[in-house]
Amino acid sequence: MSSFTHSVYLDSEKCKGCINCIKRCPTGAIRVRGGKAHIIKEFCIDCGECVRVCPHHAKKTRYDSLDTMKEYKYKVALPAPSFYAQFNNVTDTGIILKALIKLGFDAVFEVAAAAEMVSEMSRKYIADHPEGKPYISTACPSIIRLIRVRFPELIDRMLPIITPADLAAQLAAAEAMEKTGLKREEIGIFFLSPCPAKVTSVADPLGIEKSEIDRVLAIKKVYTALLPHMKHDDAGDNEYKRAGRIGVSWGITGGEVGGLLIDNYIAADGIENVIRVLEDLEDSKISGVDFIELNSCTGGCVGGVLQVENPYVAKTKLKLLRKYMPIAGSHLDGKVPENSFWTKEVEFIPVFRLGATPKESMEIMQKIDELAEALPGLDCGSCGAPSCRALAEDIIRGVANERDCIHLLKRYLHKISSDLNSL
Amino acid sequence: MCMTMKLHFDVSGEDFTRAGEASGKVKSKLKQLGIAPDAVRRVAIALYEGEINLVIHAGGGEIDVEISPENIKMVLSDKGPGIADVEKAMTEGFSTATESIRSLGFGAGMGLPNMKKYSDEMKIDTKLGEGTRIFMQINL
Ligand SMILES: Nc1ncnc2c1ncn2[C@@H]1O[C@H](COP(=O)(O)OP(=O)(O)OP(=O)(O)O)[C@@H](O)[C@H]1O
Ligand code: SF4
Ligand SMILES: [Mg+2]
């Protein structure tokens, strides 16, 4: 059973108790109680929408600090493909890779290189298992989490291949041990993450027992530290540059399917759009497609909340950057890396279910329906719940009160005052 | 006490973009109730087909759903043109949909056959010029 670990958290000092986040959360996971927001951990999928929307910057992401580099004898940086799209005037990834070394890393393993291998494995897996089509991509951990709690019928459609970041970590760790003779714990594998979802997936992986990633850094933090080390003279090939166009393209929507070399696919991004695609897929309204790429963030990982650049600008930068790259730089060479498939079942966790049995749930739902009828139906959010119905559910669950509704409270106060007047 | 939950929906014949609203709402209720995922999916598919038929062929209508721990009963009723030959309408591939409807991706003649396939019981009452009433049941 999962522990519901999360990387998005609230800075309660900064939280003003406004209702921007509760309205935006795609799974209805946030409530404002006692003047502060609370995240219901069972519902949260770490998509980062609340981080994006909070005007007071009270929603934050947990990640490791650059100082943790000191803890390891040998450090490898794993830049996400979207990382390359953050910089101005960079026409060659060599500049970025070299700068990472100057920043203090001993080696760099491009996630984009591992992505090319995942593309190759995916092509083969889909061809060998046509019965499971259409497959859903599993590179975005937010989407896996969403499916796990809301779309049980679709769990079997998820492509059971580990993420490019996890594969890169495995390969990088093995390479580093071989090269240095150091013990595994003396080597630090650092993933440069676009989002909280990836941070969570390292602490609480789905589909695999354990991630080989040791530390997760935020792209925005590395970005600032890296700028002074970027030099145009470093353009060109170097030993760390192994990814081509297919791998780098994983950073934007359509990149993963691009690597599958098929036409009959769907590529959707933005969590609300993704939910619509999943609903339609669940209802068998989608046919004739082999693969469905889903990214929680608009634009794909360039839209992650730990990025620096505007996702649309980043997308253009990435396209310019990949223009003169070879189609792919990394290949499987006939052998599939060990542990590159899921070994653990992703289980359905019915967190939204009301009761233990359908009968009990029906009794509960009837009570909720009655209560919801009595509420004003304005969905104003003043009670701290995203909708009147959500408040009704909270009241029945015993975590809220009818008088949390300011409209009912007003009515109640009116009644008291007129009762007093008539004394 | 026999536990049931009733839901009612008016389906507009004018607004194509809203077709699917009723089946979507039923689906999310069933999920919250913890009904088996496979049954939820069958209800969603069968009901959506019926809902679309109401919009395309009957100018709208009504949907009544009754949920109990034993089964889910659905009634789709309309005051549309009625179905001339039910047996024919039930055959895969039969459709009277116009060219413009087909261009929207409907009219494969698979709706009624799918409703039959995904439900455990199905009954059609129809009278030309008066309307159609379709009953479907899915057992849990
Ligand atoms: N509620 C209804 N009122 C009148 N006629 C109907 C109704 N439902 C179905 N029909 C008739 O039955 C035919 C077959 O229906 P069915 O749902 O199987 O196929 P379709 O709607 O034409 O195409 P598809 O459902 O594949 O998009 C329709 O073309 C129509 O003539
Ligand atoms: S789309 Fe990419 S950046 Fe956004 S949540 Fe998913 S993995 Fe993270
Ligand atoms: Mg039809």
# chains A, B, ... in the order shown; residues from 1 in each chain; ligands from 1
>>> residues_near_ligand(ligand="ligand 2", cutoff="8 Å", atoms="only C-alpha atoms and all ligand atoms", output="PyMOL selection string")
chain A and resi 46-48+139-143+193-198+251+269-270+294-306
>>> write_last_selection(atoms="N, CA, C and O atoms", output="compact mmCIF listing (two decimals), in the first residue's frame")
# COMPACT_ATOMS: atom_id res chain seq x y z
N ASP A 46 0.14 15.59 -6.91
CA ASP A 46 1.38 16.35 -7.10
C ASP A 46 1.50 17.03 -8.46
O ASP A 46 2.60 17.17 -8.99
N CYS A 47 0.39 17.41 -9.05
CA CYS A 47 0.47 17.98 -10.40
C CYS A 47 1.02 19.40 -10.38
O CYS A 47 1.49 19.90 -11.39
N GLY A 48 0.94 20.07 -9.24
CA GLY A 48 1.52 21.40 -9.14
C GLY A 48 0.60 22.54 -9.59
O GLY A 48 1.02 23.69 -9.60
N ALA A 139 5.31 8.24 -18.39
CA ALA A 139 6.46 9.09 -18.07
C ALA A 139 6.10 10.18 -17.08
O ALA A 139 6.96 10.67 -16.34
N CYS A 140 4.85 10.59 -17.05
CA CYS A 140 4.43 11.65 -16.13
C CYS A 140 3.82 11.02 -14.88
O CYS A 140 2.75 10.43 -14.92
N PRO A 141 4.51 11.13 -13.74
CA PRO A 141 4.04 10.47 -12.52
C PRO A 141 2.68 10.98 -12.03
O PRO A 141 1.94 10.25 -11.38
N SER A 142 2.38 12.24 -12.34
CA SER A 142 1.09 12.78 -11.94
C SER A 142 -0.06 12.00 -12.59
O SER A 142 -1.09 11.75 -11.98
N ILE A 143 0.16 11.64 -13.84
CA ILE A 143 -0.87 10.92 -14.58
C ILE A 143 -1.04 9.50 -14.02
O ILE A 143 -2.16 9.01 -13.87
N SER A 193 14.99 18.15 -11.86
CA SER A 193 13.57 17.91 -12.08
C SER A 193 12.77 19.13 -12.51
O SER A 193 12.97 20.23 -12.00
N PRO A 194 11.83 18.91 -13.43
CA PRO A 194 10.92 19.98 -13.84
C PRO A 194 9.74 20.17 -12.90
O PRO A 194 9.02 21.16 -13.01
N CYS A 195 9.51 19.24 -11.97
CA CYS A 195 8.22 19.27 -11.26
C CYS A 195 8.23 18.52 -9.94
O CYS A 195 9.06 17.64 -9.73
N PRO A 196 7.24 18.83 -9.08
CA PRO A 196 7.10 18.08 -7.83
C PRO A 196 6.75 16.61 -8.05
O PRO A 196 7.16 15.75 -7.26
N ALA A 197 6.01 16.31 -9.11
CA ALA A 197 5.58 14.92 -9.33
C ALA A 197 6.79 14.00 -9.45
O ALA A 197 6.80 12.88 -8.95
N LYS A 198 7.83 14.49 -10.12
CA LYS A 198 9.04 13.68 -10.28
C LYS A 198 9.77 13.54 -8.95
O LYS A 198 10.43 12.53 -8.70
N GLY A 251 10.91 16.45 -23.96
CA GLY A 251 10.63 17.58 -23.09
C GLY A 251 9.36 18.32 -23.44
O GLY A 251 8.87 19.14 -22.66
N ASP A 269 -2.10 17.44 -23.30
CA ASP A 269 -1.43 18.02 -22.14
C ASP A 269 -2.36 18.98 -21.40
O ASP A 269 -3.39 19.38 -21.92
N GLY A 270 -1.97 19.33 -20.19
CA GLY A 270 -2.83 20.13 -19.31
C GLY A 270 -3.76 19.16 -18.59
O GLY A 270 -4.46 18.39 -19.24
N LEU A 294 0.25 11.42 -22.39
CA LEU A 294 -0.43 12.37 -21.53
C LEU A 294 0.56 13.09 -20.63
O LEU A 294 1.39 12.46 -19.97
N ASN A 295 0.48 14.40 -20.64
CA ASN A 295 1.33 15.21 -19.78
C ASN A 295 0.46 16.11 -18.93
O ASN A 295 -0.40 16.81 -19.44
N SER A 296 0.74 16.08 -17.65
CA SER A 296 -0.06 16.88 -16.73
C SER A 296 0.11 18.38 -17.01
O SER A 296 -0.82 19.16 -16.83
N CYS A 297 1.29 18.77 -17.46
CA CYS A 297 1.55 20.19 -17.65
C CYS A 297 1.30 20.65 -19.08
O CYS A 297 1.58 19.92 -20.02
N THR A 298 0.82 21.87 -19.22
CA THR A 298 0.61 22.45 -20.53
C THR A 298 1.93 22.56 -21.27
O THR A 298 2.89 23.09 -20.74
N GLY A 299 1.95 22.00 -22.46
CA GLY A 299 3.17 22.06 -23.26
C GLY A 299 4.08 20.86 -23.03
O GLY A 299 5.06 20.67 -23.74
N GLY A 300 3.76 20.06 -21.99
CA GLY A 300 4.64 18.95 -21.63
C GLY A 300 5.54 19.37 -20.49
O GLY A 300 5.23 20.34 -19.77
N CYS A 301 6.66 18.68 -20.31
CA CYS A 301 7.51 18.97 -19.15
C CYS A 301 8.12 20.37 -19.18
O CYS A 301 8.53 20.87 -18.13
N VAL A 302 8.16 21.02 -20.33
CA VAL A 302 8.62 22.42 -20.32
C VAL A 302 7.66 23.28 -19.50
O VAL A 302 8.00 24.39 -19.10
N GLY A 303 6.45 22.75 -19.25
CA GLY A 303 5.46 23.50 -18.48
C GLY A 303 5.50 23.17 -16.99
O GLY A 303 4.66 23.65 -16.23
N GLY A 304 6.45 22.37 -16.55
CA GLY A 304 6.55 22.00 -15.13
C GLY A 304 6.75 23.22 -14.24
O GLY A 304 7.33 24.22 -14.66
N VAL A 305 6.28 23.11 -12.99
CA VAL A 305 6.31 24.30 -12.13
C VAL A 305 7.69 24.64 -11.60
O VAL A 305 7.88 25.69 -11.00
N LEU A 306 8.67 23.76 -11.79
CA LEU A 306 10.02 24.10 -11.33
C LEU A 306 10.88 24.65 -12.48
O LEU A 306 12.09 24.80 -12.33
>>> residues_near_ligand(ligand="ligand 1", cutoff="7 Å", atoms="only C-alpha atoms and all ligand atoms", output="MDAnalysis selection string")
chainID B and resid 49 53:54 57:58 78 80:83 89:90 92 94:97 106:113 131:132
>>> write_last_selection(atoms="C-alpha atoms", output="CSV table (one decimal), in the first residue's frame")
chain,number,residue,atom,x,y,z
B,49,GLU,CA,-25.0,5.3,-26.9
B,53,ASN,CA,-29.5,8.4,-30.1
B,54,LEU,CA,-31.9,10.6,-28.1
B,57,HIS,CA,-32.7,10.5,-33.8
B,58,ALA,CA,-35.4,11.8,-31.4
B,78,ASP,CA,-38.5,10.2,-26.1
B,80,GLY,CA,-39.5,11.3,-31.4
B,81,PRO,CA,-40.4,9.6,-34.6
B,82,GLY,CA,-40.2,6.0,-33.3
B,83,ILE,CA,-38.4,3.1,-34.9
B,89,ALA,CA,-32.5,-1.2,-36.2
B,90,MET,CA,-30.8,-3.7,-33.9
B,92,GLU,CA,-25.0,-4.0,-36.7
B,94,PHE,CA,-28.0,-0.4,-39.8
B,95,SER,CA,-28.4,3.4,-39.7
B,96,THR,CA,-30.7,6.0,-41.0
B,97,ALA,CA,-28.3,8.8,-40.0
B,106,PHE,CA,-21.9,9.0,-35.8
B,107,GLY,CA,-24.1,6.7,-37.8
B,108,ALA,CA,-22.1,3.6,-37.9
B,109,GLY,CA,-25.2,1.7,-36.8
B,110,MET,CA,-23.5,0.3,-33.7
B,111,GLY,CA,-25.4,2.1,-31.0
B,112,LEU,CA,-28.3,-0.2,-30.4
B,113,PRO,CA,-26.2,-3.4,-30.8
B,131,GLY,CA,-41.9,7.9,-29.5
B,132,THR,CA,-39.6,5.3,-28.1
>>> interface_residues(of="chain B", to="chain A", cutoff="8 Å", atoms="only C-alpha atoms", output="list of chain:residue names")
B:Met3, B:Thr4, B:Met5, B:Lys31, B:Gln32, B:Leu33, B:Gly34, B:Ile35, B:Pro37, B:Asp38, B:Arg41, B:Arg42, B:Ala44, B:Ile45, B:Ser68, B:Pro69
>>> residues_around(residues="region 12-19 of chain B", least_positions_apart="6", cutoff="8 Å", atoms="only C-alpha atoms", output="JSON, numbers by chain")
{"B": [51, 52, 54, 55, 56, 58, 59, 60, 61]}
>>> residues_around(residues="region 237-240 of chain A", least_positions_apart="5", cutoff="7 Å", atoms="only C-alpha atoms", output="PyMOL selection string")
chain A and resi 94+97+108-109
>>> decode(residues="region 52-63 of chain B", atoms="all heavy atoms", output="PDB file, in the first residue's frame")
ATOM      1  N   ILE B  52     -26.859   9.588 -27.043  1.00  0.00           N
ATOM      2  CA  ILE B  52     -26.581  10.135 -28.369  1.00  0.00           C
ATOM      3  C   ILE B  52     -27.772   9.879 -29.306  1.00  0.00           C
ATOM      4  O   ILE B  52     -28.178  10.753 -30.070  1.00  0.00           O
ATOM      5  CB  ILE B  52     -25.289   9.497 -28.954  1.00  0.00           C
ATOM      6  CG1 ILE B  52     -24.064   9.943 -28.150  1.00  0.00           C
ATOM      7  CG2 ILE B  52     -25.122   9.847 -30.426  1.00  0.00           C
ATOM      8  CD1 ILE B  52     -23.661  11.384 -28.373  1.00  0.00           C
ATOM      9  N   ASN B  53     -28.346   8.691 -29.224  1.00  0.00           N
ATOM     10  CA  ASN B  53     -29.518   8.396 -30.053  1.00  0.00           C
ATOM     11  C   ASN B  53     -30.666   9.367 -29.768  1.00  0.00           C
ATOM     12  O   ASN B  53     -31.353   9.814 -30.681  1.00  0.00           O
ATOM     13  CB  ASN B  53     -29.989   6.957 -29.834  1.00  0.00           C
ATOM     14  CG  ASN B  53     -29.167   5.968 -30.652  1.00  0.00           C
ATOM     15  OD1 ASN B  53     -28.290   6.371 -31.416  1.00  0.00           O
ATOM     16  ND2 ASN B  53     -29.449   4.689 -30.475  1.00  0.00           N
ATOM     17  N   LEU B  54     -30.848   9.692 -28.484  1.00  0.00           N
ATOM     18  CA  LEU B  54     -31.899  10.648 -28.130  1.00  0.00           C
ATOM     19  C   LEU B  54     -31.659  11.975 -28.855  1.00  0.00           C
ATOM     20  O   LEU B  54     -32.582  12.589 -29.377  1.00  0.00           O
ATOM     21  CB  LEU B  54     -31.925  10.905 -26.620  1.00  0.00           C
ATOM     22  CG  LEU B  54     -32.440   9.797 -25.697  1.00  0.00           C
ATOM     23  CD1 LEU B  54     -32.409  10.265 -24.251  1.00  0.00           C
ATOM     24  CD2 LEU B  54     -33.853   9.384 -26.072  1.00  0.00           C
ATOM     25  N   VAL B  55     -30.420  12.390 -28.876  1.00  0.00           N
ATOM     26  CA  VAL B  55     -30.094  13.687 -29.478  1.00  0.00           C
ATOM     27  C   VAL B  55     -30.221  13.629 -31.006  1.00  0.00           C
ATOM     28  O   VAL B  55     -30.839  14.501 -31.622  1.00  0.00           O
ATOM     29  CB  VAL B  55     -28.658  14.132 -29.097  1.00  0.00           C
ATOM     30  CG1 VAL B  55     -28.304  15.448 -29.764  1.00  0.00           C
ATOM     31  CG2 VAL B  55     -28.512  14.248 -27.596  1.00  0.00           C
ATOM     32  N   ILE B  56     -29.637  12.575 -31.585  1.00  0.00           N
ATOM     33  CA  ILE B  56     -29.588  12.518 -33.051  1.00  0.00           C
ATOM     34  C   ILE B  56     -30.921  12.123 -33.687  1.00  0.00           C
ATOM     35  O   ILE B  56     -31.350  12.716 -34.666  1.00  0.00           O
ATOM     36  CB  ILE B  56     -28.532  11.484 -33.511  1.00  0.00           C
ATOM     37  CG1 ILE B  56     -27.155  11.892 -33.035  1.00  0.00           C
ATOM     38  CG2 ILE B  56     -28.520  11.365 -35.027  1.00  0.00           C
ATOM     39  CD1 ILE B  56     -26.085  10.937 -33.484  1.00  0.00           C
ATOM     40  N   HIS B  57     -31.557  11.108 -33.122  1.00  0.00           N
ATOM     41  CA  HIS B  57     -32.725  10.536 -33.799  1.00  0.00           C
ATOM     42  C   HIS B  57     -34.061  10.995 -33.234  1.00  0.00           C
ATOM     43  O   HIS B  57     -35.084  10.843 -33.896  1.00  0.00           O
ATOM     44  CB  HIS B  57     -32.681   9.001 -33.740  1.00  0.00           C
ATOM     45  CG  HIS B  57     -31.418   8.413 -34.282  1.00  0.00           C
ATOM     46  ND1 HIS B  57     -31.035   8.568 -35.601  1.00  0.00           N
ATOM     47  CD2 HIS B  57     -30.439   7.682 -33.681  1.00  0.00           C
ATOM     48  CE1 HIS B  57     -29.872   7.947 -35.785  1.00  0.00           C
ATOM     49  NE2 HIS B  57     -29.481   7.415 -34.644  1.00  0.00           N
ATOM     50  N   ALA B  58     -34.083  11.501 -32.017  1.00  0.00           N
ATOM     51  CA  ALA B  58     -35.382  11.762 -31.398  1.00  0.00           C
ATOM     52  C   ALA B  58     -35.590  13.214 -30.965  1.00  0.00           C
ATOM     53  O   ALA B  58     -36.621  13.543 -30.386  1.00  0.00           O
ATOM     54  CB  ALA B  58     -35.563  10.827 -30.204  1.00  0.00           C
ATOM     55  N   GLY B  59     -34.648  14.083 -31.244  1.00  0.00           N
ATOM     56  CA  GLY B  59     -34.806  15.483 -30.847  1.00  0.00           C
ATOM     57  C   GLY B  59     -34.821  15.667 -29.334  1.00  0.00           C
ATOM     58  O   GLY B  59     -35.451  16.575 -28.812  1.00  0.00           O
ATOM     59  N   GLY B  60     -34.117  14.798 -28.639  1.00  0.00           N
ATOM     60  CA  GLY B  60     -34.042  14.920 -27.186  1.00  0.00           C
ATOM     61  C   GLY B  60     -34.984  13.968 -26.472  1.00  0.00           C
ATOM     62  O   GLY B  60     -35.761  13.249 -27.111  1.00  0.00           O
ATOM     63  N   GLY B  61     -34.894  13.947 -25.151  1.00  0.00           N
ATOM     64  CA  GLY B  61     -35.741  13.044 -24.375  1.00  0.00           C
ATOM     65  C   GLY B  61     -35.352  13.057 -22.917  1.00  0.00           C
ATOM     66  O   GLY B  61     -34.795  14.046 -22.431  1.00  0.00           O
ATOM     67  N   GLU B  62     -35.634  11.965 -22.247  1.00  0.00           N
ATOM     68  CA  GLU B  62     -35.356  11.908 -20.815  1.00  0.00           C
ATOM     69  C   GLU B  62     -34.652  10.611 -20.451  1.00  0.00           C
ATOM     70  O   GLU B  62     -34.852   9.589 -21.095  1.00  0.00           O
ATOM     71  CB  GLU B  62     -36.666  11.970 -20.027  1.00  0.00           C
ATOM     72  CG  GLU B  62     -37.306  13.339 -20.070  1.00  0.00           C
ATOM     73  CD  GLU B  62     -38.691  13.339 -19.437  1.00  0.00           C
ATOM     74  OE1 GLU B  62     -38.890  12.621 -18.433  1.00  0.00           O
ATOM     75  OE2 GLU B  62     -39.553  14.060 -19.957  1.00  0.00           O
ATOM     76  N   ILE B  63     -33.837  10.696 -19.420  1.00  0.00           N
ATOM     77  CA  ILE B  63     -33.157   9.493 -18.929  1.00  0.00           C
ATOM     78  C   ILE B  63     -33.442   9.330 -17.445  1.00  0.00           C
ATOM     79  O   ILE B  63     -33.325  10.291 -16.677  1.00  0.00           O
ATOM     80  CB  ILE B  63     -31.620   9.589 -19.140  1.00  0.00           C
ATOM     81  CG1 ILE B  63     -31.286   9.653 -20.632  1.00  0.00           C
ATOM     82  CG2 ILE B  63     -30.917   8.393 -18.496  1.00  0.00           C
ATOM     83  CD1 ILE B  63     -29.800   9.780 -20.917  1.00  0.00           C
TER      84      ILE B  63
END
